[in-house]
Amino acid sequence: MTNIILFGPPGSGKGTQANFLKEKYNLVHISTGDVFRYNIKNATELGTMAKSYIDKGQLVPDEITIDMLSNELDKNSDANGFIFDGFPRTEAQAEALGHLMDDKDSQIDAMVALEVDDEILVERLLERGKTSGRADDADESIIRNRIKVYYDETAILKDYYQKLDKFYGVDGVGSIEAITQRLSEVIDKIS
Ligand code: B4P
């Protein structure tokens, strides 16, 4: 199994790149943001809970997010490997992911981080907000809050995976194809 965490601030292109990488490497793509949005759209109990956090640009509480991720893994028990997009975002989530991988006699092979300057992130997300219909893309102050939450709560995971010798940084600015190529060079090296 090859299991990759695609990491980076909001708008760094995790979702965009995961769509190419999942085909290329035959991996199952799990985006916690997409699962939340699906549940919000279908007005499930999980969606109603998550919406109040997502709309403000805050993280959904760990217990809810970890349970949901575990269910997504169970649904894909025959997968060749996974691309985790938007998970983990806290140390508790990283610990939980480690245990879930142990249960499968597997492991996280790499965290690959897309590095993009904040002002480019804001520009990209405001642009996406013109068509996405996402409340968290519509307002610049909410976008800036998401970026702040990333630095306050999530960026620390770089150290977590660096200590395990599994962290790889990649320049996330350039054409989508060029960035896919940069990510592929890392994945080819570790898989
Ligand atoms: P996510 O769905 O993970 O959303 P994201 O960070 O906005 O997106 P991403 O980085 O994937 O950007 P994308 O490729 O779309 O999270 C949303 C919310 O869900 C969070 O704020 C949180 O509330 C909640 N949540 C999710 N996971 C959670 C967790 N584990 N714990 C707690 N809460 C959680 O790219 C953005 C834009 O840039 C697109 O429009 C794209 O077209 C453009 N773009 C991409 N690459 C480009 C390039 N190279 N050049 C120019 N534009 C580019």
# chains A, B, ... in the order shown; residues from 1 in each chain; ligands from 1
>>> residues_around(residues="segment 85-94 of chain A", least_positions_apart="2", cutoff="7 Å", atoms="only C-alpha atoms", output="mmCIF file with all heavy atoms, in the first residue's frame")
data_model
loop_
_atom_site.group_PDB
_atom_site.id
_atom_site.type_symbol
_atom_site.label_atom_id
_atom_site.label_comp_id
_atom_site.auth_asym_id
_atom_site.auth_seq_id
_atom_site.Cartn_x
_atom_site.Cartn_y
_atom_site.Cartn_z
ATOM 1 N N ILE A 5 -0.116 11.726 2.454
ATOM 2 C CA ILE A 5 -0.876 12.880 2.947
ATOM 3 C C ILE A 5 -0.511 14.066 2.069
ATOM 4 O O ILE A 5 0.670 14.421 1.953
ATOM 5 C CB ILE A 5 -0.503 13.231 4.405
ATOM 6 C CG1 ILE A 5 -0.848 12.071 5.332
ATOM 7 C CG2 ILE A 5 -1.201 14.515 4.846
ATOM 8 C CD1 ILE A 5 -0.258 12.222 6.734
ATOM 9 N N LEU A 6 -1.514 14.660 1.441
ATOM 10 C CA LEU A 6 -1.298 15.887 0.684
ATOM 11 C C LEU A 6 -1.610 17.039 1.623
ATOM 12 O O LEU A 6 -2.732 17.131 2.145
ATOM 13 C CB LEU A 6 -2.236 15.873 -0.525
ATOM 14 C CG LEU A 6 -1.789 16.587 -1.776
ATOM 15 C CD1 LEU A 6 -0.364 16.231 -2.156
ATOM 16 C CD2 LEU A 6 -2.728 16.200 -2.924
ATOM 17 N N PHE A 7 -0.608 17.866 1.847
ATOM 18 C CA PHE A 7 -0.680 18.862 2.920
ATOM 19 C C PHE A 7 -0.519 20.267 2.353
ATOM 20 O O PHE A 7 0.027 20.443 1.269
ATOM 21 C CB PHE A 7 0.464 18.558 3.905
ATOM 22 C CG PHE A 7 0.388 19.264 5.217
ATOM 23 C CD1 PHE A 7 -0.655 19.008 6.098
ATOM 24 C CD2 PHE A 7 1.376 20.166 5.599
ATOM 25 C CE1 PHE A 7 -0.710 19.642 7.335
ATOM 26 C CE2 PHE A 7 1.337 20.798 6.835
ATOM 27 C CZ PHE A 7 0.287 20.540 7.697
ATOM 28 N N LYS A 14 -4.519 21.233 -2.937
ATOM 29 C CA LYS A 14 -4.533 19.822 -2.534
ATOM 30 C C LYS A 14 -5.581 19.051 -3.329
ATOM 31 O O LYS A 14 -5.297 18.004 -3.906
ATOM 32 C CB LYS A 14 -4.821 19.682 -1.022
ATOM 33 C CG LYS A 14 -3.842 20.432 -0.136
ATOM 34 C CD LYS A 14 -4.159 20.267 1.346
ATOM 35 C CE LYS A 14 -5.471 20.869 1.773
ATOM 36 N NZ LYS A 14 -5.455 22.338 1.912
ATOM 37 N N GLY A 15 -6.807 19.580 -3.334
ATOM 38 C CA GLY A 15 -7.903 18.905 -4.050
ATOM 39 C C GLY A 15 -7.622 18.808 -5.541
ATOM 40 O O GLY A 15 -7.831 17.762 -6.166
ATOM 41 N N ILE A 30 -9.297 10.569 -0.396
ATOM 42 C CA ILE A 30 -10.252 10.941 0.656
ATOM 43 C C ILE A 30 -10.034 12.400 1.005
ATOM 44 O O ILE A 30 -8.981 12.771 1.544
ATOM 45 C CB ILE A 30 -10.090 10.068 1.915
ATOM 46 C CG1 ILE A 30 -10.339 8.600 1.577
ATOM 47 C CG2 ILE A 30 -11.070 10.537 3.004
ATOM 48 C CD1 ILE A 30 -10.273 7.661 2.775
ATOM 49 N N SER A 31 -11.014 13.239 0.679
ATOM 50 C CA SER A 31 -10.966 14.653 1.055
ATOM 51 C C SER A 31 -11.983 14.861 2.168
ATOM 52 O O SER A 31 -13.193 14.721 1.944
ATOM 53 C CB SER A 31 -11.331 15.519 -0.154
ATOM 54 O OG SER A 31 -11.782 16.790 0.278
ATOM 55 N N THR A 32 -11.497 15.190 3.360
ATOM 56 C CA THR A 32 -12.452 15.382 4.464
ATOM 57 C C THR A 32 -13.363 16.585 4.168
ATOM 58 O O THR A 32 -14.543 16.561 4.492
ATOM 59 C CB THR A 32 -11.720 15.544 5.816
ATOM 60 O OG1 THR A 32 -10.558 16.347 5.640
ATOM 61 C CG2 THR A 32 -11.321 14.211 6.371
ATOM 62 N N GLY A 33 -12.822 17.613 3.501
ATOM 63 C CA GLY A 33 -13.656 18.759 3.123
ATOM 64 C C GLY A 33 -14.804 18.333 2.204
ATOM 65 O O GLY A 33 -15.962 18.727 2.408
ATOM 66 N N ASP A 62 -12.241 17.340 16.455
ATOM 67 C CA ASP A 62 -11.512 16.113 16.124
ATOM 68 C C ASP A 62 -12.372 14.854 16.192
ATOM 69 O O ASP A 62 -12.284 13.997 15.308
ATOM 70 C CB ASP A 62 -10.323 15.943 17.085
ATOM 71 C CG ASP A 62 -9.153 16.849 16.719
ATOM 72 O OD1 ASP A 62 -9.064 17.259 15.543
ATOM 73 O OD2 ASP A 62 -8.334 17.141 17.608
ATOM 74 N N ILE A 66 -12.432 12.485 13.030
ATOM 75 C CA ILE A 66 -11.716 11.197 13.086
ATOM 76 C C ILE A 66 -12.688 10.035 12.827
ATOM 77 O O ILE A 66 -12.384 9.112 12.057
ATOM 78 C CB ILE A 66 -10.982 11.041 14.441
ATOM 79 C CG1 ILE A 66 -9.814 12.036 14.510
ATOM 80 C CG2 ILE A 66 -10.492 9.617 14.649
ATOM 81 C CD1 ILE A 66 -9.195 12.219 15.892
ATOM 82 N N ILE A 83 -4.822 8.707 -0.850
ATOM 83 C CA ILE A 83 -4.333 10.093 -0.772
ATOM 84 C C ILE A 83 -5.229 10.788 0.236
ATOM 85 O O ILE A 83 -6.446 10.906 0.021
ATOM 86 C CB ILE A 83 -4.463 10.830 -2.118
ATOM 87 C CG1 ILE A 83 -3.640 10.136 -3.190
ATOM 88 C CG2 ILE A 83 -4.022 12.297 -1.955
ATOM 89 C CD1 ILE A 83 -3.752 10.787 -4.552
ATOM 90 N N ALA A 96 -4.405 9.602 15.449
ATOM 91 C CA ALA A 96 -5.494 8.673 15.101
ATOM 92 C C ALA A 96 -5.212 8.004 13.760
ATOM 93 O O ALA A 96 -5.428 6.796 13.598
ATOM 94 C CB ALA A 96 -6.825 9.433 15.050
ATOM 95 N N LEU A 97 -4.696 8.770 12.816
ATOM 96 C CA LEU A 97 -4.407 8.195 11.503
ATOM 97 C C LEU A 97 -3.328 7.115 11.622
ATOM 98 O O LEU A 97 -3.431 6.049 10.993
ATOM 99 C CB LEU A 97 -3.958 9.308 10.537
ATOM 100 C CG LEU A 97 -3.708 8.879 9.098
ATOM 101 C CD1 LEU A 97 -4.945 8.238 8.474
ATOM 102 C CD2 LEU A 97 -3.248 10.071 8.250
ATOM 103 N N GLY A 98 -2.320 7.388 12.458
ATOM 104 C CA GLY A 98 -1.278 6.382 12.679
ATOM 105 C C GLY A 98 -1.879 5.079 13.192
ATOM 106 O O GLY A 98 -1.558 3.986 12.703
ATOM 107 N N GLU A 153 -2.975 25.907 14.097
ATOM 108 C CA GLU A 153 -3.355 24.559 14.554
ATOM 109 C C GLU A 153 -2.802 23.415 13.704
ATOM 110 O O GLU A 153 -2.674 22.302 14.176
ATOM 111 C CB GLU A 153 -4.896 24.453 14.599
ATOM 112 C CG GLU A 153 -5.512 25.494 15.528
ATOM 113 C CD GLU A 153 -7.028 25.412 15.608
ATOM 114 O OE1 GLU A 153 -7.551 24.290 15.672
ATOM 115 O OE2 GLU A 153 -7.679 26.474 15.589
ATOM 116 N N THR A 154 -2.529 23.709 12.426
ATOM 117 C CA THR A 154 -2.224 22.607 11.505
ATOM 118 C C THR A 154 -0.750 22.557 11.100
ATOM 119 O O THR A 154 -0.182 21.468 10.988
ATOM 120 C CB THR A 154 -3.121 22.738 10.248
ATOM 121 O OG1 THR A 154 -4.490 22.700 10.665
ATOM 122 C CG2 THR A 154 -2.892 21.608 9.267
ATOM 123 N N LEU A 157 2.098 20.132 12.131
ATOM 124 C CA LEU A 157 2.225 18.739 11.674
ATOM 125 C C LEU A 157 3.439 18.535 10.761
ATOM 126 O O LEU A 157 3.887 17.417 10.564
ATOM 127 C CB LEU A 157 0.943 18.287 10.965
ATOM 128 C CG LEU A 157 -0.275 18.172 11.873
ATOM 129 C CD1 LEU A 157 -1.472 17.662 11.072
ATOM 130 C CD2 LEU A 157 -0.005 17.219 13.038
#
>>> residues_near_ligand(ligand="ligand 1", cutoff="7 Å", atoms="only C-alpha atoms and all ligand atoms", output="PyMOL selection string")
chain A and resi 8-17+31-34+36+53-54+57-62+65+85-89+124-125+127-128+146+172-176+179
>>> select_by_dssp(residues="segment 6-160 of chain A", states="helix (DSSP H, G or I)", output="PyMOL selection string")
chain A and resi 14-25+32-41+45-54+62-75+91-103+118-132+135-138+140-154+157-160
>>> closest_residue(among="A:Ala135, A:Ile143, A:Met68, A:Leu100", to="Asn39 of chain A", atoms="only C-alpha atoms")
A:Met68
>>> closest_residue(among="A:Leu121, A:Ala155, A:Val35, A:Leu164", to="Lys51 of chain A", atoms="only C-alpha atoms")
A:Val35
>>> closest_residue(among="A:Lys56, A:His29, A:Lys104, A:Arg37", to="Glu140 of chain A", atoms="only C-alpha atoms")
A:Lys56
>>> atom_distance(atom1="atom CA of Asn26 of chain A", atom2="atom CA of Lys166 of chain A")
20.9 Å
>>> closest_residue(among="A:Ile156, A:Met1, A:Leu69, A:Val122", to="Asp105 of chain A", atoms="only C-alpha atoms")
A:Met1
>>> select_by_dssp(residues="segment 38-132 of chain A", states="strand (DSSP E or B)", output="list in words")
Gly81, Phe82, Ile83, Phe84, Asp85, Ala110, Met111, Val112, Ala113, Leu114 and Glu115 of chain A
>>> write_last_selection(atoms="C-alpha atoms", output="short mmCIF file (atom, residue, chain, number, x, y, z; two decimals), in the first residue's frame")
data_model
loop_
_atom_site.label_atom_id
_atom_site.label_comp_id
_atom_site.auth_asym_id
_atom_site.auth_seq_id
_atom_site.Cartn_x
_atom_site.Cartn_y
_atom_site.Cartn_z
CA GLY A 81 -3.53 2.97 -0.98
CA PHE A 82 -4.87 6.42 -0.14
CA ILE A 83 -4.33 10.09 -0.77
CA PHE A 84 -5.42 11.95 2.34
CA ASP A 85 -6.43 15.48 1.37
CA ALA A 110 4.91 10.53 3.13
CA MET A 111 3.45 13.92 3.86
CA VAL A 112 3.87 16.03 0.74
CA ALA A 113 3.25 19.74 1.33
CA LEU A 114 2.30 22.33 -1.27
CA GLU A 115 4.00 25.62 -0.41
#
